[in-house]
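Visitor: Quick one: structure below, then a few questions.
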Amino acid sequence: MTSNYEETMKAKGYLPYHLDHIPSKMIQIAKEELNETNETRAAALDKIRKYIKKERNLKCPMEDEYLLQFLRARKFDAKRAFSLLQNKYQVKKSYPELYDSINLDDLRKVYSSGAGYCYPFRDPDGCVVMVLSLDKWNPGESNICHALTALTGLLLNVVDTPATQISGVRILVDVRGFSFRQMWSLTPRYILLLSRALRNCLPVRFKGIHIYNESNIFQNIWLLLKIVLTDKIKNRVHFHGDNQKQLQKFIPKDILSAEYGGEKPDFNAGEWCCNEMEPFYEKFLAMVKCGYF
């Protein structure tokens with residue numbers, strides 16, 4: 001990625017992936033779409049803490065910055081936010097093979113493959129654009145448990161930023177090269193986990209899921225997955241085949257890389273992901289040590 005590209009994108013008004021503050025337009029979005037004001041924030045934080053303290057056998061962080069993730073994801077309805085938090089830790093307890101004994105070297109192998117990464121600039125709505133390149137996931141090197149744990153960590157890292165909690169995430173899933181070996185790894189147990197992640201166990205506002213280069217093999221997975229998705233999520237899933245112009249109606253070519261007909265200079269996705277995740281590991285490991293006991 002060149003400095004000229006950065007200058008051009010900033011001149012066009014695109015916000016960078018890394019934001020250490022909440023821009024004024026996002027503050028307005030939070031107020032209008034999420035019902036977030038100083039008053040509602042304080043009241044909702046007080047309510048959700050009371051719910052957590054009353055919940056038996058639940059241990060989780062109580063800091064504002066953590067609880068706000070769930071409150072923003074549920075528009076400051078403290079009861080619904082608490083339900084989302086409960087779901088997160090119930091899923092964690094239900095999948096011990098993913099979260100009880102995390103090996104960082106296994107995660108680093110997944111991240112270095114470039115199977116998941118984010119573009120350096122947000123879309124015009126301020127959403128982070130995450131790319132999942134399924135052809136770069138080799139189940140022989142990183143099994144499904146490692147892959148799903150890595151995906152969980154990446155999503156939690158992305159939503160750790162207040163600006164992203166407000167504006168949300170768009171996901172581009174490139175299904176090119178999706179194989180029978182990958183399909184066999186996605187057993188009903190893990191398809192259910194993916195559906196729960198999209199529906200009600202992560203504090204992420206999924207603004208759109210864009211499937212690109214889909215194959216007949218992947219369609220079999222989708223037939224199972226859509227059974228357990230809400231209509232709201234299904235309506236945000238878009239299939240594009242290999243039609244770049246159709247994809248660019250949702251994600252501008254300014255942001256997209258050349259393989260999708262975009263103008264972003266190529267960069268090392270694996271290197272980006274490793275550098276992004278390395279300082280987050282300590283927080284991620286602390287998160288997965290919490291939950292129901």
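FYI, nothing fancy with the structure tokens labels: chains A, B, ... in order, residues from 1 per chain, ligands from 1 as they appear.
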Fewer than 2 positions away in the same chain doesn't count, so skip those; otherwise give me all residues within 10 Å of Thr161 in chain A, counting only C-alpha atoms, as an mmCIF file with C-alpha atoms, in the first residue's frame.
Guide:
```cif
data_model
loop_
_atom_site.group_PDB
_atom_site.id
_atom_site.type_symbol
_atom_site.label_atom_id
_atom_site.label_comp_id
_atom_site.auth_asym_id
_atom_site.auth_seq_id
_atom_site.Cartn_x
_atom_site.Cartn_y
_atom_site.Cartn_z
ATOM 1 C CA TYR A 17 -9.455 1.092 9.486
ATOM 2 C CA HIS A 18 -7.641 2.280 12.596
ATOM 3 C CA LEU A 19 -9.558 5.035 14.376
ATOM 4 C CA ASP A 20 -8.503 6.178 17.835
ATOM 5 C CA HIS A 21 -11.596 8.353 18.202
ATOM 6 C CA ILE A 22 -15.259 8.386 17.218
ATOM 7 C CA GLU A 65 -15.539 -0.369 27.132
ATOM 8 C CA GLN A 69 -19.908 -3.506 22.737
ATOM 9 C CA LEU A 156 -13.529 -9.684 18.403
ATOM 10 C CA ASN A 157 -10.456 -7.656 17.510
ATOM 11 C CA VAL A 158 -12.336 -5.763 14.800
ATOM 12 C CA VAL A 159 -15.241 -4.909 17.102
ATOM 13 C CA ALA A 163 -16.156 3.260 15.779
ATOM 14 C CA THR A 164 -16.713 -0.253 14.431
ATOM 15 C CA GLN A 165 -19.209 -1.075 17.167
ATOM 16 C CA ILE A 166 -21.265 1.842 15.875
#
```
Visitor: Step one, run DSSP on the backbone; step two, keep only residues of range 48-201 of chain A assigned to helix (DSSP H, G or I); then write them as a ChimeraX atom specification.
Guide: /A:48-54,64-73,78-94,96-99,104-112,134-136,144-158,162-167,180-185,188-199
Visitor: Could you list, with a cut-off of 12 Å and counting only C-alpha atoms, the residues of range 71-190 of chain A near range 244-263 of chain A, each shown with its nearest atom pair and the distance in Å rounded to one decimal, rows sorted by chain and ascending number, as CSV?
Guide:
```
residue,atom,partner,partner_atom,distance
A:Cys118,CA,A:Ile255,CA,10.4
A:Tyr119,CA,A:Ile255,CA,7.0
A:Pro120,CA,A:Ile255,CA,8.1
A:Phe121,CA,A:Ile255,CA,6.5
A:Arg122,CA,A:Ile255,CA,7.6
A:Asp123,CA,A:Ile251,CA,6.7
A:Pro124,CA,A:Pro252,CA,8.3
A:Asp125,CA,A:Ile251,CA,10.2
A:Gly126,CA,A:Ile251,CA,11.5
A:Cys127,CA,A:Ile251,CA,10.0
A:Val128,CA,A:Ile255,CA,10.4
A:Val129,CA,A:Ile251,CA,8.2
A:Met130,CA,A:Leu256,CA,10.6
A:Val131,CA,A:Leu256,CA,9.8
A:Ser133,CA,A:Glu259,CA,11.5
A:Val169,CA,A:Ile251,CA,11.6
A:Arg170,CA,A:Ile251,CA,8.6
A:Ile171,CA,A:Ile251,CA,9.9
A:Leu172,CA,A:Ile251,CA,9.1
A:Val173,CA,A:Leu247,CA,11.3
A:Asp174,CA,A:Tyr260,CA,9.7
A:Arg176,CA,A:Glu259,CA,11.5
```
Visitor: Could you dump the residues just selected with N, CA and C atoms as a compact mmCIF listing (two decimals), in the first residue's frame?
Guide:
```txt
# COMPACT_ATOMS: atom_id res chain seq x y z
N CYS A 118 -8.67 -7.45 6.81
CA CYS A 118 -9.54 -6.29 6.59
C CYS A 118 -8.83 -5.30 5.70
N TYR A 119 -9.60 -4.57 4.92
CA TYR A 119 -9.02 -3.52 4.08
C TYR A 119 -8.62 -2.32 4.94
N PRO A 120 -7.62 -1.57 4.50
CA PRO A 120 -7.10 -0.47 5.33
C PRO A 120 -8.02 0.75 5.42
N PHE A 121 -9.06 0.80 4.58
CA PHE A 121 -10.02 1.91 4.67
C PHE A 121 -11.44 1.38 4.77
N ARG A 122 -12.27 2.12 5.47
CA ARG A 122 -13.67 1.77 5.68
C ARG A 122 -14.52 2.19 4.48
N ASP A 123 -15.71 1.62 4.38
CA ASP A 123 -16.59 1.99 3.28
C ASP A 123 -17.23 3.36 3.58
N PRO A 124 -18.00 3.91 2.65
CA PRO A 124 -18.58 5.25 2.87
C PRO A 124 -19.47 5.37 4.10
N ASP A 125 -20.00 4.24 4.59
CA ASP A 125 -20.82 4.26 5.80
C ASP A 125 -20.00 4.08 7.07
N GLY A 126 -18.68 3.99 6.91
CA GLY A 126 -17.81 3.80 8.07
C GLY A 126 -17.62 2.36 8.48
N CYS A 127 -18.20 1.43 7.72
CA CYS A 127 -18.08 0.00 8.05
C CYS A 127 -16.68 -0.52 7.74
N VAL A 128 -16.18 -1.39 8.59
CA VAL A 128 -14.98 -2.15 8.27
C VAL A 128 -15.35 -3.20 7.23
N VAL A 129 -14.48 -3.41 6.26
CA VAL A 129 -14.70 -4.44 5.23
C VAL A 129 -13.72 -5.58 5.49
N MET A 130 -14.25 -6.73 5.91
CA MET A 130 -13.45 -7.91 6.18
C MET A 130 -13.54 -8.88 5.01
N VAL A 131 -12.43 -9.48 4.66
CA VAL A 131 -12.39 -10.44 3.57
C VAL A 131 -12.02 -11.81 4.12
N SER A 133 -10.95 -15.34 2.52
CA SER A 133 -10.55 -16.03 1.28
C SER A 133 -10.45 -17.51 1.58
N VAL A 169 -19.81 -3.99 10.34
CA VAL A 169 -18.86 -4.72 9.51
C VAL A 169 -19.55 -5.28 8.27
N ARG A 170 -18.89 -5.15 7.14
CA ARG A 170 -19.32 -5.85 5.93
C ARG A 170 -18.31 -6.96 5.67
N ILE A 171 -18.80 -8.13 5.32
CA ILE A 171 -17.91 -9.27 5.09
C ILE A 171 -18.00 -9.72 3.65
N LEU A 172 -16.85 -9.82 3.02
CA LEU A 172 -16.73 -10.36 1.67
C LEU A 172 -16.16 -11.77 1.78
N VAL A 173 -16.96 -12.76 1.43
CA VAL A 173 -16.52 -14.15 1.49
C VAL A 173 -16.22 -14.62 0.07
N ASP A 174 -14.94 -14.81 -0.21
CA ASP A 174 -14.51 -15.30 -1.52
C ASP A 174 -14.46 -16.82 -1.46
N ARG A 176 -13.99 -18.93 -3.90
CA ARG A 176 -13.18 -19.55 -4.94
C ARG A 176 -12.29 -20.65 -4.32
```
Visitor: Considering only C-alpha atoms, can you say which of A:Asp46, A:Phe239, A:Leu186, A:Ser195 comes closest to Ile221 in chain A?
Guide: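 Going through A:Asp46, A:Phe239, A:Leu186, A:Ser195 one by one, the smallest distance to Ile221 in chain A is for A:Leu186.
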Visitor: Going by DSSP on the backbone, which residues of range 257-292 of chain A come out as strand (DSSP E or B)? List them as a PyMOL selection string.
Guide: chain A and resi 257+264+291-292
Visitor: Put those residues in a file: N, CA and C atoms, as a PDB file, in the first residue's frame.
Guide:
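And here is the file that came out, result04.pdb:
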```pdb
ATOM      1  N   SER A 257      -9.513  -4.645  -3.667  1.00  0.00           N
ATOM      2  CA  SER A 257      -8.232  -4.940  -4.316  1.00  0.00           C
ATOM      3  C   SER A 257      -8.470  -5.358  -5.768  1.00  0.00           C
ATOM      4  N   LYS A 264      -7.322  -0.752  -4.884  1.00  0.00           N
ATOM      5  CA  LYS A 264      -6.385  -0.788  -3.766  1.00  0.00           C
ATOM      6  C   LYS A 264      -5.127  -1.552  -4.168  1.00  0.00           C
ATOM      7  N   GLY A 291     -16.546 -16.578  31.517  1.00  0.00           N
ATOM      8  CA  GLY A 291     -17.713 -17.348  31.090  1.00  0.00           C
ATOM      9  C   GLY A 291     -18.445 -17.986  32.241  1.00  0.00           C
ATOM     10  N   TYR A 292     -19.209 -19.035  31.902  1.00  0.00           N
ATOM     11  CA  TYR A 292     -19.982 -19.767  32.907  1.00  0.00           C
ATOM     12  C   TYR A 292     -19.139 -20.883  33.507  1.00  0.00           C
TER      13      TYR A 292
END
```
Visitor: Between A:Leu85, A:Ala78, A:Ala44, A:Val175, which has the minimum distance to Leu58 in chain A (counting only C-alpha atoms)?
Guide: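 That would be A:Leu85, the residue with the smallest distance to Leu58 in chain A.
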Visitor: Got a sec: who's within 10 Å of Leu198 in chain A, counting only C-alpha atoms, leaving out chain neighbours fewer than 4 positions off, as a PyMOL selection string?
Guide: chain A and resi 192-194+202-206+209+229-230+233-234
